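Undergrad: This is run24.txt, which holds compact mmCIF, C-alpha atoms and all ligand atoms:
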# COMPACT_ATOMS: atom_id res chain seq x y z
CA MET Y 118 152.60 92.87 142.89
CA THR Y 119 150.15 94.67 140.72
CA ILE Y 120 146.47 94.02 140.61
CA THR Y 121 145.70 94.87 137.03
CA GLU Y 122 144.64 92.24 134.53
CA SER Y 123 147.84 92.78 132.60
CA GLN Y 124 149.82 91.10 135.36
CA GLN Y 125 152.37 88.65 134.05
CA PRO Y 126 152.67 84.96 134.84
CA ALA Y 127 155.50 84.64 137.34
CA ASP Y 128 157.66 82.49 135.06
CA ARG Y 129 158.03 84.94 132.18
CA GLN Y 130 159.19 88.43 132.96
CA ARG Y 131 158.27 91.27 130.67
CA ILE Y 132 161.01 93.35 129.06
CA LEU Y 133 160.32 96.59 127.25
CA SER Y 134 162.50 98.82 125.12
CA GLY Y 135 162.61 101.06 122.07
CA ALA Y 136 164.79 103.50 120.12
CA LYS Y 137 163.65 106.70 118.42
CA PRO Y 138 163.25 106.84 114.62
CA THR Y 139 165.65 109.75 114.24
CA ALA Y 140 167.85 108.50 111.37
CA ASP Y 141 167.36 107.07 107.88
CA SER Y 142 168.88 103.77 108.93
CA LEU Y 143 169.94 101.99 112.10
CA HIS Y 144 173.71 101.88 112.42
CA LEU Y 145 175.90 98.98 113.50
CA GLY Y 146 176.07 100.36 117.08
CA ASN Y 147 172.26 100.31 117.37
CA TYR Y 148 172.19 96.76 116.11
CA ILE Y 149 174.97 95.41 118.33
CA GLY Y 150 174.12 97.50 121.40
CA ALA Y 151 170.35 97.20 121.29
CA VAL Y 152 168.29 95.43 118.62
CA ARG Y 153 170.35 92.21 118.61
CA ASN Y 154 169.93 91.87 122.39
CA TRP Y 155 166.18 92.49 122.23
CA ALA Y 156 165.87 89.85 119.51
CA GLU Y 157 167.79 87.37 121.67
CA MET Y 158 165.63 88.12 124.71
CA GLN Y 159 162.39 87.34 122.89
CA SER Y 160 162.57 83.62 123.56
CA SER Y 161 163.01 83.87 127.33
CA TYR Y 162 161.04 87.04 128.05
CA ASP Y 163 157.71 88.48 127.13
CA ALA Y 164 159.12 91.28 124.97
CA VAL Y 165 157.46 94.62 124.25
CA ILE Y 166 159.44 96.50 121.59
CA PHE Y 167 158.23 99.78 120.16
CA ILE Y 168 159.25 102.76 118.08
CA PRO Y 169 158.93 105.93 120.23
CA ASP Y 170 157.86 108.32 117.48
CA LEU Y 171 156.13 110.66 119.97
CA HIS Y 172 159.55 111.11 121.54
CA ALA Y 173 161.07 111.93 118.16
CA VAL Y 174 159.02 115.16 117.89
CA THR Y 175 160.37 116.61 121.15
CA VAL Y 176 163.18 118.17 119.09
CA ASP Y 177 163.08 119.73 115.63
CA PHE Y 178 161.66 117.33 113.01
CA ASP Y 179 160.27 117.13 109.52
CA PRO Y 180 156.89 115.34 109.04
CA THR Y 181 157.73 113.56 105.76
CA THR Y 182 161.07 112.43 107.09
CA LEU Y 183 159.55 111.19 110.34
CA ALA Y 184 157.01 108.97 108.57
CA ARG Y 185 159.68 107.53 106.26
CA ARG Y 186 162.08 106.86 109.11
CA THR Y 187 159.43 105.21 111.24
CA ARG Y 188 158.63 102.77 108.42
CA THR Y 189 162.28 102.09 107.69
CA VAL Y 190 163.19 101.46 111.31
CA ALA Y 191 160.15 99.19 111.71
CA ALA Y 192 161.30 97.15 108.72
CA GLN Y 193 164.87 97.04 110.05
CA TYR Y 194 163.76 95.76 113.46
CA ILE Y 195 161.83 92.95 111.85
CA ALA Y 196 164.70 92.15 109.48
CA ALA Y 197 167.06 92.09 112.48
CA GLY Y 198 164.97 89.46 114.21
CA ILE Y 199 162.20 91.19 116.16
CA ASP Y 200 159.36 88.78 115.56
CA PRO Y 201 156.00 90.59 115.43
CA GLU Y 202 154.21 87.32 116.21
CA GLU Y 203 156.29 86.41 119.24
CA SER Y 204 156.75 89.93 120.64
CA THR Y 205 154.49 92.93 121.00
CA PHE Y 206 155.98 95.20 118.36
CA PHE Y 207 154.36 98.54 117.51
CA VAL Y 208 154.63 102.27 116.86
CA GLN Y 209 154.06 104.42 119.97
CA SER Y 210 151.67 106.93 118.32
CA HIS Y 211 149.36 104.05 117.33
CA VAL Y 212 148.61 103.44 121.00
CA PRO Y 213 146.97 106.61 122.38
CA GLU Y 214 147.21 105.37 125.97
CA HIS Y 215 150.90 106.44 126.02
CA ALA Y 216 150.00 110.12 125.74
CA GLN Y 217 147.05 109.67 128.10
CA LEU Y 218 149.06 108.06 130.87
CA ALA Y 219 151.85 110.59 130.35
CA TRP Y 220 149.40 113.37 131.21
CA ALA Y 221 148.37 111.64 134.43
CA LEU Y 222 152.05 111.19 135.34
CA ASN Y 223 152.82 114.84 134.52
CA CYS Y 224 150.35 115.76 137.22
CA ILE Y 225 152.22 113.82 139.93
CA THR Y 226 155.70 114.92 138.81
CA GLY Y 227 157.34 117.89 140.48
CA PHE Y 228 158.53 120.75 138.31
CA GLY Y 229 161.85 120.69 140.19
CA GLU Y 230 162.10 116.95 139.81
CA ALA Y 231 161.69 117.19 136.02
CA SER Y 232 164.09 120.14 135.90
CA ARG Y 233 166.85 117.96 137.33
CA MET Y 234 166.91 115.55 134.35
CA THR Y 235 170.38 115.89 132.90
CA GLN Y 236 169.36 114.98 129.35
CA PHE Y 237 166.86 117.86 129.36
CA LYS Y 238 169.43 120.22 130.84
CA ASP Y 239 172.01 119.26 128.20
CA LYS Y 240 169.65 119.39 125.22
CA SER Y 241 167.91 122.60 126.25
CA ALA Y 242 171.23 124.30 126.98
CA LYS Y 243 172.42 123.36 123.49
CA GLN Y 244 169.23 124.57 121.76
CA GLY Y 245 168.51 127.66 123.82
CA THR Y 246 165.26 128.41 125.68
CA ASP Y 247 163.34 129.65 122.66
CA SER Y 248 163.61 126.41 120.71
CA THR Y 249 163.14 124.17 123.76
CA THR Y 250 159.60 122.80 123.93
CA LEU Y 251 157.36 121.69 126.75
CA GLY Y 252 157.45 118.31 124.98
CA LEU Y 253 161.19 118.01 125.57
CA PHE Y 254 160.66 118.86 129.23
CA ALA Y 255 157.99 116.16 129.50
CA TYR Y 256 160.08 113.56 127.60
CA PRO Y 257 160.86 111.54 130.77
CA THR Y 258 157.23 111.28 131.95
CA LEU Y 259 156.21 110.02 128.49
CA MET Y 260 158.98 107.46 128.78
CA ALA Y 261 157.69 106.47 132.24
CA ALA Y 262 154.23 106.03 130.70
CA ASP Y 263 155.70 103.78 127.97
CA ILE Y 264 157.10 101.50 130.62
CA LEU Y 265 154.38 101.56 133.28
CA LEU Y 266 151.50 100.96 130.85
CA TYR Y 267 152.86 97.48 130.16
CA GLN Y 268 153.81 96.62 133.76
CA ALA Y 269 157.33 95.94 132.48
CA ASP Y 270 159.70 94.14 134.86
CA LEU Y 271 162.93 94.92 133.04
CA VAL Y 272 163.95 97.80 130.83
CA PRO Y 273 167.21 97.22 128.92
CA VAL Y 274 168.65 100.64 128.11
CA GLY Y 275 172.00 102.38 127.85
CA GLU Y 276 173.64 104.22 130.74
CA ASP Y 277 172.30 107.57 129.43
CA GLN Y 278 168.75 106.49 130.30
CA ARG Y 279 169.47 105.53 133.91
CA GLN Y 280 168.10 108.77 135.38
CA HIS Y 281 164.87 108.44 133.37
CA LEU Y 282 164.45 104.92 134.72
CA GLU Y 283 164.97 106.14 138.27
CA LEU Y 284 162.24 108.76 137.72
CA THR Y 285 159.96 106.02 136.33
CA ARG Y 286 160.49 103.92 139.47
CA ASN Y 287 159.80 106.92 141.71
CA LEU Y 288 156.61 107.78 139.85
CA ALA Y 289 155.39 104.16 140.02
CA GLN Y 290 156.01 104.05 143.76
CA ARG Y 291 154.43 107.47 144.30
CA PHE Y 292 151.31 106.51 142.36
CA ASN Y 293 151.04 103.16 144.17
CA THR Y 294 151.37 104.81 147.59
CA ARG Y 295 148.87 107.55 146.88
CA PHE Y 296 146.24 105.71 144.82
CA GLY Y 297 146.77 102.02 145.64
CA GLU Y 298 148.97 99.31 144.07
CA THR Y 299 148.70 99.82 140.32
CA PHE Y 300 152.11 99.67 138.69
CA THR Y 301 154.96 97.18 138.63
CA VAL Y 302 158.10 99.04 139.71
CA PRO Y 303 160.53 98.24 136.86
CA GLU Y 304 164.22 97.42 137.13
CA ALA Y 305 166.70 99.15 134.85
CA THR Y 306 168.86 96.62 133.05
CA ILE Y 307 171.76 98.84 132.16
CA LEU Y 308 173.48 97.13 129.28
CA ARG Y 309 177.00 97.40 130.63
CA ASP Y 310 178.24 94.11 129.19
CA THR Y 311 176.95 94.98 125.78
CA ALA Y 312 179.66 95.77 123.32
CA LYS Y 313 179.93 99.45 122.58
CA ILE Y 314 180.84 100.24 118.99
CA TYR Y 315 183.01 103.25 118.25
CA ASP Y 316 183.22 105.62 115.30
CA LEU Y 317 185.56 104.18 112.64
CA GLN Y 318 187.21 107.55 112.02
CA ASN Y 319 187.29 108.67 115.63
CA PRO Y 320 187.48 105.45 117.65
CA THR Y 321 187.24 107.08 121.07
CA ALA Y 322 183.73 108.46 120.30
CA LYS Y 323 180.76 106.09 120.07
CA MET Y 324 179.33 105.32 116.67
CA SER Y 325 176.30 107.58 116.51
CA LYS Y 326 173.63 108.79 114.14
CA THR Y 327 174.60 112.32 115.05
CA GLY Y 328 178.33 111.67 114.70
CA GLU Y 329 180.51 114.16 112.86
CA SER Y 330 181.77 112.04 109.99
CA VAL Y 331 179.56 109.84 107.83
CA ASN Y 332 182.64 107.74 107.08
CA GLY Y 333 182.87 106.69 110.70
CA THR Y 334 179.44 105.05 110.72
CA ILE Y 335 178.21 101.77 109.24
CA GLN Y 336 174.57 102.28 108.26
CA LEU Y 337 172.82 98.94 107.95
CA LEU Y 338 171.14 100.09 104.74
CA ASP Y 339 174.33 101.27 103.06
CA ASP Y 340 175.39 99.68 99.82
CA PRO Y 341 177.70 96.71 100.68
CA GLY Y 342 180.51 98.36 98.69
CA VAL Y 343 180.29 101.41 100.96
CA THR Y 344 180.35 99.22 104.07
CA ALA Y 345 183.50 97.45 102.87
CA LYS Y 346 185.15 100.78 102.04
CA ARG Y 347 184.38 102.24 105.49
CA ILE Y 348 186.00 99.27 107.23
CA LYS Y 349 189.05 99.42 104.96
CA SER Y 350 189.56 103.11 105.66
CA ALA Y 351 189.00 102.82 109.43
CA VAL Y 352 191.56 104.72 111.52
CA THR Y 353 194.06 102.44 113.31
CA ASP Y 354 197.53 103.27 114.75
CA ASP Y 355 201.25 103.25 113.89
CA ASP Y 356 201.91 99.95 115.59
CA THR Y 357 201.57 96.64 113.69
CA GLU Y 358 200.29 94.21 116.30
CA ILE Y 359 196.65 93.04 116.16
CA ARG Y 360 195.80 93.07 119.85
CA PHE Y 361 192.79 94.23 121.90
CA ASP Y 362 193.86 97.27 123.92
CA GLU Y 363 191.19 99.95 124.13
CA GLN Y 364 193.52 102.45 125.81
CA ASN Y 365 196.39 102.36 123.36
CA LYS Y 366 194.81 100.80 120.28
CA PRO Y 367 191.18 102.01 120.14
CA GLY Y 368 190.83 101.61 116.36
CA ILE Y 369 192.07 98.00 116.20
CA SER Y 370 190.14 97.13 119.37
CA ASN Y 371 186.92 98.45 117.82
CA LEU Y 372 187.48 96.36 114.67
CA LEU Y 373 188.11 93.28 116.84
CA THR Y 374 184.90 93.94 118.80
CA ILE Y 375 182.85 94.22 115.62
CA TYR Y 376 184.50 91.12 114.15
CA SER Y 377 183.90 89.15 117.34
CA VAL Y 378 180.21 90.06 117.62
CA ILE Y 379 179.48 89.39 113.95
CA SER Y 380 181.46 86.15 113.64
CA GLY Y 381 180.80 84.71 117.11
CA LYS Y 382 184.56 84.18 117.62
CA THR Y 383 186.09 85.41 120.86
CA ILE Y 384 188.56 88.29 120.84
CA ALA Y 385 191.28 85.86 122.02
CA GLU Y 386 190.58 83.56 119.06
CA LEU Y 387 190.80 86.49 116.67
CA GLU Y 388 194.06 87.69 118.24
CA ALA Y 389 195.49 84.19 117.76
CA ASP Y 390 194.21 83.97 114.16
CA TYR Y 391 195.84 87.28 113.28
CA ALA Y 392 199.11 86.90 115.18
CA GLY Y 393 201.93 88.09 112.91
CA ARG Y 394 199.54 89.31 110.20
CA MET Y 395 198.96 92.87 109.05
CA TYR Y 396 196.15 95.35 109.77
CA GLY Y 397 195.18 95.15 106.08
CA HIS Y 398 194.44 91.42 106.41
CA LEU Y 399 192.14 92.02 109.35
CA LYS Y 400 190.31 94.80 107.52
CA VAL Y 401 189.82 92.80 104.31
CA ASP Y 402 188.45 89.80 106.22
CA LEU Y 403 186.24 91.93 108.46
CA ALA Y 404 184.86 93.78 105.43
CA ASP Y 405 183.92 90.40 103.87
CA VAL Y 406 182.33 89.11 107.08
CA LEU Y 407 180.40 92.33 107.58
CA VAL Y 408 179.14 92.50 104.00
CA GLU Y 409 177.98 88.90 104.30
CA PHE Y 410 176.18 89.86 107.49
CA VAL Y 411 174.53 93.12 106.38
CA THR Y 412 173.49 91.99 102.89
CA PRO Y 413 170.62 89.66 103.96
CA LEU Y 414 169.56 92.21 106.59
CA ARG Y 415 169.44 94.92 103.94
CA ASN Y 416 167.64 92.68 101.43
CA ARG Y 417 165.01 91.66 103.99
CA THR Y 418 164.49 95.32 104.99
CA ASN Y 419 164.03 96.33 101.35
CA GLU Y 420 161.60 93.44 100.80
CA LEU Y 421 159.51 94.60 103.74
CA LEU Y 422 159.59 98.21 102.55
CA ALA Y 423 158.50 97.10 99.08
CA ASP Y 424 155.27 95.74 100.57
CA PRO Y 425 153.90 98.62 102.69
CA ALA Y 426 150.49 96.95 103.08
CA GLU Y 427 152.07 93.95 104.81
CA LEU Y 428 154.25 96.18 107.00
CA ASP Y 429 151.18 98.21 107.97
CA ARG Y 430 149.32 95.00 108.77
CA LEU Y 431 152.11 93.83 111.08
CA LEU Y 432 152.22 97.22 112.82
CA ALA Y 433 148.42 97.32 113.17
CA GLN Y 434 148.46 93.84 114.66
CA GLY Y 435 151.17 94.93 117.10
CA ALA Y 436 149.26 98.07 118.09
CA ALA Y 437 146.11 96.02 118.74
CA LYS Y 438 148.07 93.63 120.96
CA ALA Y 439 149.67 96.57 122.79
CA ARG Y 440 146.34 98.34 123.30
CA GLY Y 441 144.94 95.20 124.90
CA ILE Y 442 147.45 95.64 127.71
CA ALA Y 443 147.69 99.44 127.75
CA ALA Y 444 143.94 100.08 127.93
CA THR Y 445 143.61 97.82 130.97
CA THR Y 446 146.32 99.68 132.86
CA LEU Y 447 145.00 103.10 131.86
CA GLY Y 448 141.47 102.07 132.91
CA THR Y 449 142.74 101.20 136.38
CA VAL Y 450 144.72 104.45 136.58
CA TYR Y 451 141.74 106.63 135.59
CA ASP Y 452 139.51 104.79 138.01
CA ARG Y 453 142.00 105.17 140.88
CA MET Y 454 142.42 108.87 140.13
CA GLY Y 455 138.69 109.45 140.35
CA PHE Y 456 137.85 110.23 136.72
CA LEU Y 457 134.17 109.66 136.10
CA PRO Y 458 133.71 106.34 134.27
CA ARG Y 459 132.72 106.80 130.62
CA LYS Y 460 129.61 104.76 129.81
CA GLN Y 461 128.72 103.44 126.35
CA ALA Y 462 126.32 105.81 124.55
P1 LIG R 1 172.35 109.79 118.98
O1 LIG R 1 173.54 109.86 118.10
O2 LIG R 1 171.26 110.72 118.56
O3 LIG R 1 172.68 109.82 120.44
P2 LIG R 1 172.37 106.97 118.79
O4 LIG R 1 172.83 106.59 117.45
O5 LIG R 1 173.35 106.97 119.91
O6 LIG R 1 171.69 108.39 118.71
P3 LIG R 1 170.02 106.05 120.26
O7 LIG R 1 168.71 106.22 119.58
O8 LIG R 1 170.36 106.96 121.39
O9 LIG R 1 171.15 106.03 119.12
O10 LIG R 1 170.18 104.60 120.78
C1 LIG R 1 169.40 103.50 120.43
C2 LIG R 1 170.00 102.28 121.10
O11 LIG R 1 171.23 101.92 120.48
C3 LIG R 1 170.33 102.52 122.58
O12 LIG R 1 169.91 101.37 123.32
C4 LIG R 1 171.83 102.66 122.62
O13 LIG R 1 172.38 102.18 123.82
C5 LIG R 1 172.27 101.81 121.43
N1 LIG R 1 173.50 102.35 120.83
C6 LIG R 1 173.58 103.52 120.17
N2 LIG R 1 174.85 103.73 119.73
C7 LIG R 1 175.58 102.65 120.12
C8 LIG R 1 176.95 102.27 119.98
N3 LIG R 1 177.80 103.02 119.32
N4 LIG R 1 177.35 101.10 120.50
C9 LIG R 1 176.47 100.31 121.16
N5 LIG R 1 175.17 100.62 121.35
C10 LIG R 1 174.72 101.76 120.83
N1 LIG R 2 164.62 107.56 125.68
C1 LIG R 2 165.05 106.33 125.00
C2 LIG R 2 163.98 105.82 124.05
C3 LIG R 2 162.76 105.41 124.82
C4 LIG R 2 162.65 104.27 125.65
C5 LIG R 2 161.32 104.30 126.17
C6 LIG R 2 163.56 103.28 126.04
C7 LIG R 2 161.56 106.04 124.84
N2 LIG R 2 160.70 105.38 125.65
C8 LIG R 2 160.89 103.33 127.07
C9 LIG R 2 163.10 102.31 126.93
C10 LIG R 2 161.79 102.35 127.44
C11 LIG R 2 166.34 106.63 124.24
O1 LIG R 2 166.56 107.74 123.83
N3 LIG R 2 167.16 105.62 124.04
Once you've parsed the file, please lay out its structure as structure tokens.

TA:
Amino acid sequence: MTITESQQPADRQRILSGAKPTADSLHLGNYIGAVRNWAEMQSSYDAVIFIPDLHAVTVDFDPTTLARRTRTVAAQYIAAGIDPEESTFFVQSHVPEHAQLAWALNCITGFGEASRMTQFKDKSAKQGTDSTTLGLFAYPTLMAADILLYQADLVPVGEDQRQHLELTRNLAQRFNTRFGETFTVPEATILRDTAKIYDLQNPTAKMSKTGESVNGTIQLLDDPGVTAKRIKSAVTDDDTEIRFDEQNKPGISNLLTIYSVISGKTIAELEADYAGRMYGHLKVDLADVLVEFVTPLRNRTNELLADPAELDRLLAQGAAKARGIAATTLGTVYDRMGFLPRKQA
């Protein structure tokens, strides 16, 4: 139990998640593995969804590109069903309490503890010490601040974020023990059951914004003709049977997964529908289904991007809602840590 004013009513748990604005468009894997699930959770949870732009500058970045991507991703989230009225939806840098709480958490995090984060070890090893920043090292404590500010109960993330969630739980417990009950200790909701989408050209690697081949990725803002072409040229196998078998038929299995998620049909239904038919039939139909699915999403995104004032208004409204919660938590934290209260001038 926490004792801050941002405590949640017992019947509606708070979920919190976000994905960095590090590409010009979300891809189908982001939609199926993340955004779609957040959108579905909005009705049964109190959802806090945000764009971690402060996290995006922990590695090399370009200012103009960052601003453009943040806007585009914001529009795509809304187009994909994140409702700015129902949820708390905002851009991280618009809520200064994230950076403020991160500093407080930095000061209760061990250097050795932070050094053990495998994502930091991997990324810094790849980049070399000279291009590795203090920001990248502190990435996990900023992420902990994102979560703890909102007293989130559940944090739906991929397996790669498990260690960061564990650190967040440890920091919450450490702070609570040392300074008094302040933070909800969040649960990681590792999205194991969520369909993982693979690269269309290399179907054993996940579809990724940093993937090798552009042809293997379905960008949600691509022209529909490009989307159809990518599906039609997806790598399959020498066999002819349309059957889900990730081990031996990764390409066909990936197409069946995408088809199933987009159409709502089960894999078994699809296997039955396509019994005795050729790979080409599956691809043509899936291309049609996918184009029908991405076209309204793309149109809605472009509509939102064509009205920047309205998009800004929605983001400002989200940031105000977020600050209402974040400022309360940060106030308690500062007070507990012994910072002198700031009086009105
Ligand atoms: P990168 O290529 O830089 O690792 P990414 O494209 O994998 O980036 P992230 O920003 O790491 O995307 O992930 C955002 C969210 O989308 C995460 O919750 C992640 O689990 C989900 N996601 C990303 N790729 C896929 C995929 N291929 N299938 C299912 N979910 C995915
Ligand atoms: N590190 C996450 C993005 C992220 C996040 C968060 C996710 C930043 N802060 C808080 C959940 C909760 C990633 O790379 N997927």

Undergrad: Produce as a list in words the set of residues near ligand LIG 2 (chain R), where near means within 6 Å with all atoms listed in the file considered.

TA: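 These are the residues that qualify: Leu133, Ser134, Gly135, Ala136, Lys137, Pro169, Met260, Asp263, Ile264 and Val274 of chain Y.
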
Undergrad: Residues at most 6 Å from ligand LIG 1 (chain R), using all atoms listed in the file? Could they come as a PyMOL selection string?

TA: chain Y and resi 136-137+146-147+149-151+274-275+312-315+323-327

Undergrad: Just checking: using only C-alpha atoms, which residue out of Y:Thr258, Y:Gln268, Y:Asp316, Y:Asn332 ends up closest to Y:Glu304?

TA: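 The answer is Y:Gln268, which sits nearest to Y:Glu304.
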
Undergrad: Identify, on the basis of only C-alpha atoms, every residue whose closest approach to stretch 391-394 of chain Y does not exceed 9 Å; exclude the query and any residue fewer than 2 positions from it along the same chain; express the result as a list in words.

TA: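 Close residues of stretch 391-394 of chain Y: Thr357, Glu358, Ile359, Arg360, Glu386, Leu387, Glu388, Ala389, Tyr396, Gly397, His398 and Leu399 of chain Y.
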
Undergrad: Restricted to C-alpha atoms, what would the selected residues look like written as a compact mmCIF listing (two decimals), in the frame of the given file?

TA:
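Okay, again_37.txt is ready:
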# COMPACT_ATOMS: atom_id res chain seq x y z
CA THR Y 357 201.57 96.64 113.69
CA GLU Y 358 200.29 94.21 116.30
CA ILE Y 359 196.65 93.04 116.16
CA ARG Y 360 195.80 93.07 119.85
CA GLU Y 386 190.58 83.56 119.06
CA LEU Y 387 190.80 86.49 116.67
CA GLU Y 388 194.06 87.69 118.24
CA ALA Y 389 195.49 84.19 117.76
CA TYR Y 396 196.15 95.35 109.77
CA GLY Y 397 195.18 95.15 106.08
CA HIS Y 398 194.44 91.42 106.41
CA LEU Y 399 192.14 92.02 109.35

Undergrad: As AutoDock Vina command-line options, please report the centre and edge lengths, rounded to one decimal in Å, of the axis-aligned box that holds all listed atoms of stretch 421-429 of chain Y with 3 Å of padding on each of the six sides.

TA:
--center_x 155.0 --center_y 96.3 --center_z 103.5 --size_x 15.1 --size_y 10.7 --size_z 14.9

Undergrad: What does the structure give for the distance between atom CA of Y:Val352 and atom CA of Y:Gln336, in Å to one decimal?

TA: 17.5 Å

Undergrad: Residues of stretch 345-420 of chain Y that approach stretch 188-196 of chain Y to 8 Å or less, counting only C-alpha atoms: could you list each one with the shortest pair of atoms and its distance in Å to one decimal, rows by chain and increasing residue number, as CSV?

TA:
residue,atom,partner,partner_atom,distance
Y:Leu414,CA,Y:Ala196,CA,5.7
Y:Arg415,CA,Y:Ala196,CA,7.8
Y:Arg417,CA,Y:Ala196,CA,5.5
Y:Thr418,CA,Y:Ala192,CA,5.2
Y:Asn419,CA,Y:Ala192,CA,7.9

Undergrad: If you measure from atom CA of Y:Arg347 to atom CA of Y:Pro138, what distance in Å do you get, rounded to one decimal?

TA: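 Taking atom CA of Y:Arg347 as the start and atom CA of Y:Pro138 as the end point, the length is 23.5 Å.
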
Undergrad: What would stretch 397-410 of chain Y look like with N, CA, C and O atoms restored, written as a compact mmCIF listing (two decimals), in the frame of the given file?

TA:
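Done, and the output landed in result_5.txt:
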# COMPACT_ATOMS: atom_id res chain seq x y z
N GLY Y 397 195.91 95.27 107.35
CA GLY Y 397 195.18 95.15 106.08
C GLY Y 397 194.45 93.81 105.98
O GLY Y 397 193.32 93.74 105.48
N HIS Y 398 195.09 92.74 106.46
CA HIS Y 398 194.44 91.42 106.41
C HIS Y 398 193.17 91.41 107.25
O HIS Y 398 192.13 90.90 106.83
N LEU Y 399 193.30 91.96 108.45
CA LEU Y 399 192.14 92.02 109.35
C LEU Y 399 191.00 92.80 108.70
O LEU Y 399 189.83 92.38 108.70
N LYS Y 400 191.35 93.94 108.12
CA LYS Y 400 190.31 94.80 107.52
C LYS Y 400 189.62 94.11 106.34
O LYS Y 400 188.40 94.17 106.22
N VAL Y 401 190.41 93.46 105.48
CA VAL Y 401 189.82 92.80 104.31
C VAL Y 401 188.86 91.70 104.78
O VAL Y 401 187.73 91.59 104.30
N ASP Y 402 189.31 90.90 105.74
CA ASP Y 402 188.45 89.80 106.22
C ASP Y 402 187.21 90.35 106.91
O ASP Y 402 186.10 89.85 106.70
N LEU Y 403 187.39 91.38 107.74
CA LEU Y 403 186.24 91.93 108.46
C LEU Y 403 185.24 92.53 107.47
O LEU Y 403 184.02 92.36 107.62
N ALA Y 404 185.76 93.21 106.44
CA ALA Y 404 184.86 93.78 105.43
C ALA Y 404 184.02 92.67 104.80
O ALA Y 404 182.81 92.81 104.65
N ASP Y 405 184.66 91.53 104.47
CA ASP Y 405 183.92 90.40 103.87
C ASP Y 405 182.85 89.88 104.82
O ASP Y 405 181.71 89.67 104.44
N VAL Y 406 183.25 89.66 106.08
CA VAL Y 406 182.33 89.11 107.08
C VAL Y 406 181.14 90.05 107.28
O VAL Y 406 179.98 89.63 107.36
N LEU Y 407 181.44 91.33 107.32
CA LEU Y 407 180.40 92.33 107.58
C LEU Y 407 179.44 92.44 106.39
O LEU Y 407 178.22 92.50 106.57
N VAL Y 408 180.00 92.43 105.19
CA VAL Y 408 179.14 92.50 104.00
C VAL Y 408 178.23 91.28 103.95
O VAL Y 408 177.03 91.39 103.67
N GLU Y 409 178.78 90.13 104.27
CA GLU Y 409 177.98 88.90 104.30
C GLU Y 409 176.86 89.00 105.34
O GLU Y 409 175.77 88.48 105.16
N PHE Y 410 177.16 89.71 106.42
CA PHE Y 410 176.18 89.86 107.49
C PHE Y 410 175.11 90.90 107.14
O PHE Y 410 173.92 90.67 107.33
